[in-house]
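Trainee: Below is the file input.cif, which contains mmCIF, C-alpha atoms and all ligand atoms.
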data_my_file
#
loop_
_atom_site.label_atom_id
_atom_site.label_comp_id
_atom_site.auth_asym_id
_atom_site.auth_seq_id
_atom_site.Cartn_x
_atom_site.Cartn_y
_atom_site.Cartn_z
CA MET A 1 -0.69 -0.79 2.04
CA LYS A 2 -0.98 -0.16 5.74
CA THR A 3 -0.88 3.53 6.61
CA ALA A 4 -0.91 5.45 9.88
CA ILE A 5 -1.61 9.12 10.55
CA ILE A 6 -0.34 10.96 13.63
CA GLY A 7 -2.30 14.20 14.01
CA ALA A 8 -5.32 12.65 12.27
CA THR A 9 -7.71 15.03 14.05
CA GLY A 10 -6.29 18.15 12.34
CA TYR A 11 -7.02 19.55 8.89
CA GLY A 12 -3.99 17.94 7.26
CA GLY A 13 -4.99 14.65 8.90
CA ILE A 14 -8.62 14.69 7.80
CA GLU A 15 -7.51 15.57 4.26
CA LEU A 16 -5.11 12.59 4.29
CA ILE A 17 -8.05 10.41 5.33
CA ARG A 18 -10.14 11.73 2.43
CA LEU A 19 -7.39 10.99 -0.09
CA LEU A 20 -6.19 7.65 1.33
CA SER A 21 -9.80 6.39 1.55
CA ASN A 22 -9.96 6.66 -2.24
CA HIS A 23 -6.52 5.19 -2.88
CA PRO A 24 -6.57 1.85 -4.71
CA SER A 25 -3.54 0.40 -2.84
CA VAL A 26 -4.45 1.46 0.71
CA GLU A 27 -6.06 -1.21 2.88
CA GLN A 28 -5.64 0.36 6.34
CA ILE A 29 -5.65 3.89 7.76
CA ALA A 30 -4.82 3.82 11.47
CA VAL A 31 -5.36 7.09 13.33
CA PHE A 32 -3.30 8.43 16.24
CA SER A 33 -3.80 11.34 18.62
CA SER A 34 -1.90 12.95 21.46
CA SER A 35 -5.06 14.15 23.19
CA GLN A 36 -8.09 12.08 22.20
CA GLN A 37 -7.18 8.41 22.69
CA GLY A 38 -10.17 6.09 22.41
CA VAL A 39 -12.35 8.75 20.78
CA LYS A 40 -13.83 7.95 17.37
CA MET A 41 -12.86 10.08 14.36
CA THR A 42 -16.57 10.35 13.55
CA ASP A 43 -17.12 12.24 16.82
CA SER A 44 -15.10 15.13 15.41
CA TYR A 45 -15.87 14.54 11.74
CA PRO A 46 -19.31 12.95 11.28
CA HIS A 47 -19.02 13.30 7.49
CA ILE A 48 -16.57 10.37 7.25
CA SER A 49 -17.84 6.84 7.12
CA GLU A 50 -17.40 5.10 10.47
CA ARG A 51 -16.81 1.62 9.07
CA PHE A 52 -13.38 2.66 7.76
CA PHE A 53 -11.90 3.83 11.04
CA GLU A 54 -10.86 2.42 14.35
CA SER A 55 -10.74 4.68 17.41
CA LEU A 56 -7.90 7.12 17.86
CA GLN A 57 -4.88 5.47 19.46
CA ASP A 58 -2.21 6.83 21.75
CA ILE A 59 1.11 7.58 20.05
CA SER A 60 3.67 4.94 21.04
CA ILE A 61 6.45 3.07 19.30
CA GLU A 62 4.72 -0.24 20.07
CA ALA A 63 1.42 0.82 18.49
CA LEU A 64 3.20 2.24 15.46
CA GLN A 65 4.74 -1.06 14.31
CA GLY A 66 3.67 -2.90 11.17
CA PHE A 67 2.86 0.04 8.93
CA ASP A 68 4.32 0.70 5.48
CA VAL A 69 4.12 4.45 5.87
CA ILE A 70 3.49 6.87 8.75
CA PHE A 71 2.32 10.42 8.12
CA LEU A 72 3.09 13.06 10.72
CA SER A 73 0.55 15.85 10.36
CA THR A 74 1.54 17.58 13.55
CA PRO A 75 2.80 20.97 14.75
CA PRO A 76 6.52 21.87 14.68
CA GLY A 77 8.57 19.97 17.25
CA VAL A 78 6.71 16.66 17.08
CA SER A 79 8.52 15.07 14.15
CA ALA A 80 11.88 16.38 15.39
CA GLU A 81 11.21 14.11 18.35
CA TRP A 82 9.46 11.15 16.65
CA SER A 83 10.69 10.74 13.07
CA SER A 84 14.00 9.19 14.08
CA LYS A 85 12.30 6.42 16.12
CA LEU A 86 9.52 5.84 13.59
CA SER A 87 11.73 5.69 10.51
CA ALA A 88 13.34 2.49 11.82
CA ALA A 89 10.00 0.73 11.31
CA ALA A 90 8.36 2.48 8.34
CA LYS A 91 8.73 5.16 5.73
CA VAL A 92 7.87 8.53 7.25
CA ILE A 93 6.28 11.56 5.60
CA ASP A 94 6.38 14.68 7.75
CA LEU A 95 3.98 17.49 6.83
CA SER A 96 5.48 19.96 9.30
CA GLY A 97 8.45 22.27 8.78
CA ASP A 98 10.73 20.38 11.19
CA LEU A 99 12.89 18.60 8.62
CA ARG A 100 12.82 21.07 5.72
CA ILE A 101 15.60 23.46 6.71
CA ASN A 102 19.09 22.02 6.31
CA ASP A 103 20.96 24.62 8.36
CA PRO A 104 20.18 24.18 12.10
CA ALA A 105 20.97 27.84 12.83
CA GLU A 106 18.48 28.99 10.17
CA TYR A 107 15.78 26.66 11.57
CA GLU A 108 16.35 27.92 15.10
CA LYS A 109 16.29 31.55 13.95
CA TRP A 110 13.00 31.32 12.00
CA TYR A 111 11.14 28.68 14.06
CA GLY A 112 12.38 29.83 17.48
CA ARG A 113 12.96 26.26 18.66
CA GLU A 114 15.64 23.61 18.62
CA THR A 115 16.18 21.76 15.37
CA ALA A 116 15.95 17.99 14.76
CA SER A 117 19.10 15.86 15.01
CA LYS A 118 21.74 16.14 12.26
CA GLU A 119 21.27 12.46 11.49
CA ILE A 120 17.56 12.91 10.69
CA LEU A 121 18.10 16.15 8.78
CA ASN A 122 20.66 14.38 6.61
CA LYS A 123 18.26 11.52 5.91
CA ALA A 124 15.20 13.64 5.13
CA VAL A 125 14.51 14.38 1.46
CA TYR A 126 12.67 17.57 0.54
CA GLY A 127 9.46 16.30 -1.04
CA LEU A 128 8.76 18.73 -3.85
CA SER A 129 7.52 15.87 -6.02
CA GLU A 130 8.07 17.37 -9.48
CA TRP A 131 11.67 18.43 -8.83
CA ASN A 132 13.05 15.77 -6.45
CA ARG A 133 11.46 12.63 -7.86
CA GLU A 134 14.67 10.55 -8.03
CA GLN A 135 15.66 11.25 -4.41
CA ILE A 136 12.08 10.73 -3.20
CA LYS A 137 12.09 7.23 -4.77
CA GLU A 138 14.96 6.23 -2.47
CA ALA A 139 13.94 8.15 0.65
CA GLN A 140 13.05 6.73 4.05
CA ILE A 141 11.94 10.14 5.39
CA ILE A 142 10.23 12.94 3.48
CA ALA A 143 10.12 16.57 4.55
CA ASN A 144 6.89 17.52 2.81
CA PRO A 145 7.08 21.15 1.59
CA GLY A 146 5.08 24.00 3.11
CA CYS A 147 2.07 25.33 1.24
CA TYR A 148 3.52 28.74 0.27
CA PRO A 149 6.85 27.18 -0.81
CA THR A 150 5.03 24.62 -2.98
CA ALA A 151 3.14 27.32 -4.86
CA VAL A 152 6.18 29.59 -5.17
CA LEU A 153 8.80 26.97 -6.08
CA LEU A 154 6.72 25.24 -8.74
CA GLY A 155 6.35 28.62 -10.44
CA MET A 156 9.85 29.98 -9.96
CA ILE A 157 12.25 27.00 -10.19
CA PRO A 158 12.14 26.62 -14.01
CA LEU A 159 12.82 30.32 -14.52
CA VAL A 160 15.52 30.68 -11.87
CA LYS A 161 17.24 27.52 -13.10
CA SER A 162 17.40 28.74 -16.68
CA GLY A 163 18.31 32.35 -15.82
CA ALA A 164 15.05 33.66 -17.29
CA VAL A 165 14.47 35.83 -14.22
CA ASP A 166 16.92 37.83 -12.16
CA ALA A 167 16.58 35.96 -8.83
CA ALA A 168 17.61 39.03 -6.81
CA THR A 169 14.47 40.85 -7.97
CA ILE A 170 11.86 38.26 -6.93
CA ILE A 171 8.92 39.67 -4.94
CA ILE A 172 6.09 37.36 -3.88
CA ASP A 173 2.63 38.43 -2.83
CA ALA A 174 0.85 35.33 -1.53
CA LYS A 175 -2.65 34.70 -0.18
CA SER A 176 -4.05 31.75 1.74
CA GLY A 177 -7.43 30.46 2.86
CA THR A 178 -7.84 30.09 6.61
CA THR A 179 -7.43 26.28 6.73
CA GLY A 180 -3.73 27.04 6.21
CA ALA A 181 -3.66 27.97 9.90
CA GLY A 182 -5.02 24.60 11.09
CA ARG A 183 -8.21 23.68 12.98
CA SER A 184 -7.69 25.45 16.28
CA ALA A 185 -9.65 28.65 16.60
CA SER A 186 -7.70 31.90 16.96
CA ALA A 187 -8.43 35.62 16.89
CA MET A 188 -6.49 35.74 13.62
CA THR A 189 -8.85 33.39 11.80
CA HIS A 190 -12.23 33.23 13.52
CA TYR A 191 -15.28 34.20 11.52
CA SER A 192 -16.02 37.67 12.93
CA GLU A 193 -12.47 38.86 12.33
CA MET A 194 -11.81 37.15 9.02
CA ASN A 195 -15.14 37.37 7.21
CA ASP A 196 -15.30 40.36 4.85
CA ASN A 197 -11.68 41.17 5.68
CA LEU A 198 -8.18 40.86 4.19
CA LYS A 199 -5.12 40.57 6.43
CA ILE A 200 -1.41 40.74 5.81
CA TYR A 201 0.81 38.97 8.34
CA LYS A 202 4.42 38.09 9.23
CA VAL A 203 5.90 40.50 6.69
CA ASN A 204 9.57 39.54 6.17
CA GLU A 205 9.26 37.18 9.16
CA HIS A 206 7.49 34.16 7.70
CA LYS A 207 9.17 30.77 8.30
CA HIS A 208 8.64 29.86 4.66
CA ILE A 209 11.19 32.51 3.57
CA PRO A 210 14.28 30.37 4.44
CA GLU A 211 12.62 27.31 2.90
CA ILE A 212 12.02 29.08 -0.43
CA GLU A 213 15.48 30.68 -0.41
CA GLN A 214 17.19 27.36 0.38
CA GLU A 215 15.46 25.52 -2.46
CA LEU A 216 15.90 28.29 -5.05
CA ALA A 217 19.58 28.56 -4.11
CA GLY A 218 20.00 24.87 -4.99
CA PHE A 219 18.83 25.54 -8.55
CA LEU A 220 20.70 28.84 -8.89
CA ASN A 221 23.97 27.55 -7.40
CA ASP A 222 24.13 30.79 -5.46
CA THR A 223 22.45 32.37 -2.47
CA VAL A 224 19.20 34.22 -3.03
CA THR A 225 17.04 36.52 -0.93
CA ILE A 226 13.36 37.04 -1.62
CA THR A 227 10.62 39.32 -0.37
CA LEU A 228 7.50 37.39 0.69
CA SER A 229 4.27 38.96 1.90
CA THR A 230 1.64 36.53 3.18
CA HIS A 231 -2.07 37.32 3.44
CA LEU A 232 -5.17 35.66 4.83
CA VAL A 233 -8.26 35.88 2.67
CA PRO A 234 -11.83 35.04 3.72
CA MET A 235 -12.04 31.66 2.06
CA THR A 236 -11.68 28.14 3.43
CA ARG A 237 -9.22 26.54 1.02
CA GLY A 238 -6.93 27.83 -1.65
CA MET A 239 -3.71 29.70 -2.17
CA MET A 240 -2.50 32.15 -4.79
CA ALA A 241 1.13 33.27 -5.06
CA THR A 242 1.60 36.26 -7.35
CA MET A 243 5.29 36.67 -8.16
CA TYR A 244 7.15 39.50 -9.85
CA ALA A 245 10.70 39.44 -11.25
CA SER A 246 12.85 41.23 -13.82
CA VAL A 247 13.63 39.35 -17.03
CA PRO A 248 17.25 39.74 -18.22
CA GLU A 249 18.38 40.58 -21.78
CA GLY A 250 18.08 37.61 -24.09
CA PHE A 251 14.74 36.32 -22.76
CA ASP A 252 11.29 37.17 -24.11
CA GLU A 253 7.70 35.90 -24.10
CA GLN A 254 8.48 32.99 -26.45
CA LYS A 255 11.47 31.78 -24.41
CA ILE A 256 9.56 31.99 -21.12
CA LYS A 257 6.73 29.97 -22.69
CA GLU A 258 9.18 27.28 -23.86
CA ILE A 259 10.89 27.06 -20.45
CA LEU A 260 7.64 26.71 -18.49
CA GLU A 261 6.00 24.29 -20.92
CA SER A 262 9.02 22.03 -21.34
CA SER A 263 9.57 21.89 -17.56
CA TYR A 264 6.11 20.51 -16.94
CA LYS A 265 5.20 18.63 -20.11
CA ASN A 266 5.49 15.23 -18.35
CA THR A 267 4.10 16.14 -14.92
CA PRO A 268 0.51 15.12 -14.19
CA PHE A 269 -0.30 17.85 -11.68
CA VAL A 270 1.36 21.06 -12.86
CA ARG A 271 -0.56 22.79 -15.63
CA VAL A 272 0.95 25.78 -17.42
CA ARG A 273 -1.63 28.14 -18.88
CA PRO A 274 -1.28 29.97 -22.21
CA HIS A 275 0.22 33.47 -22.01
CA LYS A 276 -2.12 35.87 -20.15
CA GLN A 277 -4.67 33.19 -19.13
CA MET A 278 -4.63 33.61 -15.36
CA PRO A 279 -5.78 30.80 -13.02
CA SER A 280 -8.06 31.22 -10.00
CA THR A 281 -8.05 29.21 -6.77
CA ARG A 282 -11.46 27.66 -7.53
CA GLU A 283 -9.94 26.06 -10.63
CA VAL A 284 -7.75 23.79 -8.45
CA ASN A 285 -10.09 23.48 -5.47
CA ALA A 286 -9.88 20.10 -3.65
CA SER A 287 -7.43 18.79 -6.30
CA ASN A 288 -3.71 18.12 -6.42
CA PHE A 289 -3.19 20.49 -9.34
CA CYS A 290 -0.93 23.52 -9.38
CA ASP A 291 -1.96 25.87 -12.18
CA ILE A 292 0.52 28.46 -13.41
CA GLY A 293 -0.38 31.62 -15.31
CA TRP A 294 2.04 34.23 -16.54
CA VAL A 295 2.27 37.61 -18.27
CA TYR A 296 5.46 39.08 -19.66
CA ASP A 297 5.48 42.88 -19.90
CA GLU A 298 7.72 43.92 -22.80
CA ARG A 299 7.52 47.55 -21.61
CA THR A 300 8.93 46.98 -18.08
CA LYS A 301 10.81 43.71 -18.89
CA ARG A 302 9.12 42.20 -15.87
CA LEU A 303 7.30 38.91 -15.49
CA THR A 304 4.15 38.42 -13.43
CA LEU A 305 3.74 34.74 -12.58
CA VAL A 306 0.71 33.38 -10.74
CA SER A 307 0.62 29.96 -9.10
CA VAL A 308 -2.52 28.53 -7.49
CA ILE A 309 -2.92 25.41 -5.37
CA ASP A 310 -5.30 24.03 -2.78
CA ASN A 311 -3.24 24.52 0.41
CA LEU A 312 -4.60 21.29 1.93
CA VAL A 313 -4.02 19.16 -1.18
CA LYS A 314 -0.97 20.06 -3.29
CA GLY A 315 0.12 22.32 -0.40
CA ALA A 316 0.03 19.47 2.17
CA SER A 317 -1.80 16.11 2.13
CA GLY A 318 -2.09 15.65 -1.66
CA GLN A 319 1.61 16.18 -2.20
CA ALA A 320 2.23 13.81 0.75
CA VAL A 321 0.20 11.09 -1.01
CA GLN A 322 1.97 11.89 -4.31
CA ASN A 323 5.28 11.37 -2.46
CA MET A 324 4.02 8.11 -0.97
CA ASN A 325 3.19 6.93 -4.51
CA ILE A 326 6.68 7.83 -5.75
CA MET A 327 8.38 6.18 -2.72
CA PHE A 328 6.48 2.92 -3.20
CA GLY A 329 6.71 2.77 -7.01
CA LEU A 330 2.95 3.27 -7.43
CA GLU A 331 1.25 5.27 -10.19
CA GLU A 332 2.06 8.90 -9.25
CA THR A 333 -1.59 9.90 -9.62
CA ALA A 334 -3.07 7.02 -7.57
CA GLY A 335 -5.73 8.35 -5.21
CA LEU A 336 -5.30 11.85 -6.64
CA ASN A 337 -7.24 11.66 -9.87
CA GLY A 338 -10.18 13.85 -8.89
CA LEU A 339 -10.90 16.97 -10.91
CA PRO A 340 -11.23 20.24 -8.98
CA VAL A 341 -14.58 20.88 -7.29
CA PHE A 342 -16.05 23.71 -9.35
CA PRO A 343 -17.87 26.00 -8.85
N1 LIG B 401 -3.14 23.41 6.95
C1 LIG B 401 -2.36 23.56 5.89
O1 LIG B 401 -2.77 24.08 4.84
C2 LIG B 401 -0.94 23.07 5.93
C3 LIG B 401 -0.38 22.55 7.07
N2 LIG B 401 0.92 22.13 7.06
C4 LIG B 401 1.54 21.61 8.27
O2 LIG B 401 0.97 20.35 8.58
C5 LIG B 401 0.94 20.17 10.00
C6 LIG B 401 -0.51 19.91 10.41
O3 LIG B 401 -1.29 21.06 10.08
P1 LIG B 401 -2.84 21.16 10.32
O4 LIG B 401 -3.47 19.82 10.18
O5 LIG B 401 -3.33 22.27 9.51
O6 LIG B 401 -2.89 21.57 11.87
P2 LIG B 401 -4.05 21.29 12.92
O7 LIG B 401 -3.77 22.23 14.04
O8 LIG B 401 -5.37 21.31 12.26
O9 LIG B 401 -3.75 19.79 13.40
C7 LIG B 401 -2.56 19.42 14.03
C8 LIG B 401 -2.81 18.14 14.81
O10 LIG B 401 -1.60 17.80 15.51
C9 LIG B 401 -1.92 17.11 16.69
N3 LIG B 401 -0.99 17.45 17.77
C10 LIG B 401 -0.91 18.61 18.47
N4 LIG B 401 0.08 18.57 19.38
C11 LIG B 401 0.65 17.34 19.25
C12 LIG B 401 1.71 16.68 19.90
N5 LIG B 401 2.41 17.28 20.88
N6 LIG B 401 2.03 15.42 19.52
C13 LIG B 401 1.35 14.80 18.54
N7 LIG B 401 0.31 15.38 17.87
C14 LIG B 401 -0.02 16.63 18.23
C15 LIG B 401 -3.33 17.53 17.08
O11 LIG B 401 -4.10 16.37 17.20
P3 LIG B 401 -4.29 15.62 18.59
O12 LIG B 401 -4.55 16.66 19.65
O13 LIG B 401 -5.46 14.75 18.31
O14 LIG B 401 -3.00 14.87 18.80
C16 LIG B 401 -3.87 18.30 15.88
O15 LIG B 401 -5.10 17.81 15.43
C17 LIG B 401 1.52 21.44 10.62
O16 LIG B 401 2.88 21.28 10.88
C18 LIG B 401 1.29 22.46 9.51
O17 LIG B 401 2.16 23.53 9.62
C19 LIG B 401 1.67 22.13 5.93
C20 LIG B 401 1.16 22.63 4.77
C21 LIG B 401 -0.18 23.19 4.69
C1 LIG B 402 -2.74 30.66 6.73
C2 LIG B 402 -1.60 30.23 7.60
O1 LIG B 402 -1.52 30.58 8.77
N1 LIG B 402 -0.70 29.44 7.04
C3 LIG B 402 0.45 28.92 7.73
C4 LIG B 402 1.27 28.07 6.80
C5 LIG B 402 0.85 26.64 6.71
C6 LIG B 402 2.05 25.75 6.40
O2 LIG B 402 2.38 25.34 5.31
O3 LIG B 402 2.78 25.56 7.50
P1 LIG B 402 4.10 24.76 7.84
O4 LIG B 402 5.25 25.35 7.17
O5 LIG B 402 4.23 24.90 9.32
O6 LIG B 402 3.90 23.35 7.44
C7 LIG B 402 1.35 30.07 8.20
O7 LIG B 402 1.36 31.13 7.57
O8 LIG B 402 2.13 29.83 9.12
#
Written as structure tokens, how would this file's structure read?
Mentor:
Amino acid sequence: MKTAIIGATGYGGIELIRLLSNHPSVEQIAVFSSSQQGVKMTDSYPHISERFFESLQDISIEALQGFDVIFLSTPPGVSAEWSSKLSAAAKVIDLSGDLRINDPAEYEKWYGRETASKEILNKAVYGLSEWNREQIKEAQIIANPGCYPTAVLLGMIPLVKSGAVDAATIIIDAKSGTTGAGRSASAMTHYSEMNDNLKIYKVNEHKHIPEIEQELAGFLNDTVTITLSTHLVPMTRGMMATMYASVPEGFDEQKIKEILESSYKNTPFVRVRPHKQMPSTREVNASNFCDIGWVYDERTKRLTLVSVIDNLVKGASGQAVQNMNIMFGLEETAGLNGLPVFP
């Protein structure tokens, strides 16, 4: 397969290169940049092997012909502009939030910018691999989910769908490593401010709130509002979403176990832990796994559900490669077989 990456110089891009380099069906990875045309990838990332990569190319329709799939690993706004033109020539997988929100008014409210065209929004399939597999198989354009939504939705969808939690009571306390904010340095993430520190940010204002609510609503057949608190922790990779919700009459520990285990018994990357065995971020580090732990409290009738992913793998580039595999009828795990890097 011939692949191209726009935004190859960023963290999502370099993670795509790592995964696609190990993919048995990938023969080409062309790299594109809006600011570093002609520069070699190895100038920014000497750890990758130079023989695999040509120099960074300028982004143009002409140069982006002849590929099977084009990944957009770019900031919001870029794929709104480019995905329509590119999808005429290749399948497109967009890692940004541009095509995830169906309602233009909601996108504009949370992202503070104009939405993509209706035509592209209608074509784009939300790429939560485990829950949208049939639509992903047929898709020309994928809106790859955000990292927090991936962790939250994989944990919550089975329970919301089966009525095992009261969706109106969901509270999510989520934490991310600093690569979640991309490669550019900022006062929010640089070493002196982030090392030995814990920060909460965008309380009730995070752009992943409408994405999570939209997707949960689809499984609930009703609107839902959630509370999401996002935190930065002093680690490079990794994400933990700790979720709390009330469990209605008629559900107990045994039923919750059955719902979670049956939902994921045939999925290669989501692993449900036994009751009370909680996962840590290191246990999925650099892998495409999402590990789910849970504790039901009979006393309060509340569930604590913990979902961990690597934000750059299952939360971004790994899920993008998983979606590529599904779109092209390849083995879903191709290029993604590595165990977590532990310790
Ligand atoms: N990091 C993460 O954990 C996750 C990221 N995402 C999303 O994936 C996307 C990429 O994130 P990430 O790699 O972390 O971000 P980075 O900031 O590390 O990289 C983004 C890249 O986009 C390119 N770029 C910037 N402006 C433009 C432009 N106008 N046109 C084309 N390319 C441009 C830049 O490369 P150049 O200057 O060379 O063009 C840059 O290297 C974002 O939308 C992000 O929100 C989603 C899930 C998780
Ligand atoms: C730590 C950190 O800053 N994380 C980013 C989320 C990364 C992501 O998934 O962003 P997109 O939805 O834009 O793709 C944030 O909170 O905005």
Trainee: Can you tell me which residues surround A:Tyr107 at a distance of at most 10 Å, considering only C-alpha atoms, apart from same-chain residues fewer than 3 positions away, and format the answer as a PDB file with C-alpha atoms, in the frame of the given file?
Mentor:
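And here's selection-v2.pdb as it stands now:
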ATOM      1  CA  GLY A  97       8.450  22.270   8.780  1.00  0.00           C
ATOM      2  CA  ASP A  98      10.730  20.380  11.190  1.00  0.00           C
ATOM      3  CA  LEU A  99      12.890  18.600   8.620  1.00  0.00           C
ATOM      4  CA  ARG A 100      12.820  21.070   5.720  1.00  0.00           C
ATOM      5  CA  ILE A 101      15.600  23.460   6.710  1.00  0.00           C
ATOM      6  CA  ASN A 102      19.090  22.020   6.310  1.00  0.00           C
ATOM      7  CA  ASP A 103      20.960  24.620   8.360  1.00  0.00           C
ATOM      8  CA  PRO A 104      20.180  24.180  12.100  1.00  0.00           C
ATOM      9  CA  TRP A 110      13.000  31.320  12.000  1.00  0.00           C
ATOM     10  CA  TYR A 111      11.140  28.680  14.060  1.00  0.00           C
ATOM     11  CA  GLY A 112      12.380  29.830  17.480  1.00  0.00           C
ATOM     12  CA  ARG A 113      12.960  26.260  18.660  1.00  0.00           C
ATOM     13  CA  GLU A 114      15.640  23.610  18.620  1.00  0.00           C
ATOM     14  CA  THR A 115      16.180  21.760  15.370  1.00  0.00           C
ATOM     15  CA  ALA A 116      15.950  17.990  14.760  1.00  0.00           C
ATOM     16  CA  LYS A 207       9.170  30.770   8.300  1.00  0.00           C
ATOM     17  CA  PRO A 210      14.280  30.370   4.440  1.00  0.00           C
ATOM     18  CA  GLU A 211      12.620  27.310   2.900  1.00  0.00           C
TER      19      GLU A 211
END
Trainee: What is the distance between atom CA of A:Ile171 and atom CA of A:Ser317, in Å to one decimal?
Mentor: 26.8 Å
Trainee: Taking all atoms listed in the file into account, which residues are within 10 Å of ligand LIG 402 (chain B), as a VMD selection string?
Mentor: chain A and resid 12 73 to 76 94 to 98 100 111 143 to 150 175 to 182 188 to 189 201 to 202 206 to 209 211 230 to 233 236 to 239 311 to 312 315 to 316
Trainee: Smallest atom-to-atom distance to ligand LIG 401 (chain B): which of A:Asp196, A:Glu331, A:Glu261, A:Asp310, using all atoms listed in the file?
Mentor: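 Looking only at the distances to ligand LIG 401 (chain B), the closest residue turns out to be A:Asp310.
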Trainee: What is the distance between atom CA of A:Gly218 and atom CA of A:Met156, in Å to one decimal?
Mentor: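 Separating atom CA of A:Gly218 from atom CA of A:Met156 is a distance of 12.4 Å.
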Trainee: Name the closest residue to ligand LIG 401 (chain B) among the candidates A:Trp82, A:Tyr191, A:Phe53, A:Phe219; distances are taken between atoms, counting all atoms listed in the file.
Mentor: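 Using all atoms listed in the file, ligand LIG 401 (chain B) sits closest to A:Trp82.
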Trainee: When you count all atoms listed in the file, which of these residues is closest to ligand LIG 401 (chain B): A:Ser229, A:Gln140, A:Ser83, A:Gln28?
Mentor: A:Ser83
Trainee: Kindly complete stretch 63-75 of chain A to N, CA and C atoms; the output should be written as a short mmCIF file (atom, residue, chain, number, x, y, z; two decimals), keeping the file's coordinate frame.
Mentor:
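And here is the file that came out, out_31.cif:
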data_model
loop_
_atom_site.label_atom_id
_atom_site.label_comp_id
_atom_site.auth_asym_id
_atom_site.auth_seq_id
_atom_site.Cartn_x
_atom_site.Cartn_y
_atom_site.Cartn_z
N ALA A 63 2.64 0.78 19.31
CA ALA A 63 1.42 0.82 18.49
C ALA A 63 1.72 1.20 17.04
N LEU A 64 2.90 1.77 16.82
CA LEU A 64 3.20 2.24 15.46
C LEU A 64 4.10 1.26 14.69
N GLN A 65 4.01 -0.01 15.05
CA GLN A 65 4.74 -1.06 14.31
C GLN A 65 3.82 -1.65 13.25
N GLY A 66 4.43 -2.13 12.17
CA GLY A 66 3.67 -2.90 11.17
C GLY A 66 3.04 -2.07 10.07
N PHE A 67 3.40 -0.80 10.01
CA PHE A 67 2.86 0.04 8.93
C PHE A 67 3.89 0.22 7.82
N ASP A 68 3.41 0.41 6.60
CA ASP A 68 4.32 0.70 5.48
C ASP A 68 4.75 2.16 5.52
N VAL A 69 3.81 3.02 5.87
CA VAL A 69 4.12 4.45 5.87
C VAL A 69 3.38 5.14 7.02
N ILE A 70 4.09 6.09 7.65
CA ILE A 70 3.49 6.87 8.75
C ILE A 70 3.54 8.34 8.35
N PHE A 71 2.39 8.98 8.39
CA PHE A 71 2.32 10.42 8.12
C PHE A 71 2.31 11.16 9.46
N LEU A 72 3.13 12.18 9.55
CA LEU A 72 3.09 13.06 10.72
C LEU A 72 2.46 14.37 10.28
N SER A 73 1.23 14.60 10.72
CA SER A 73 0.55 15.85 10.36
C SER A 73 0.36 16.65 11.64
N THR A 74 1.46 17.05 12.18
CA THR A 74 1.54 17.58 13.55
C THR A 74 2.27 18.92 13.59
N PRO A 75 2.13 19.67 14.66
CA PRO A 75 2.80 20.97 14.75
C PRO A 75 4.32 20.83 14.82
#
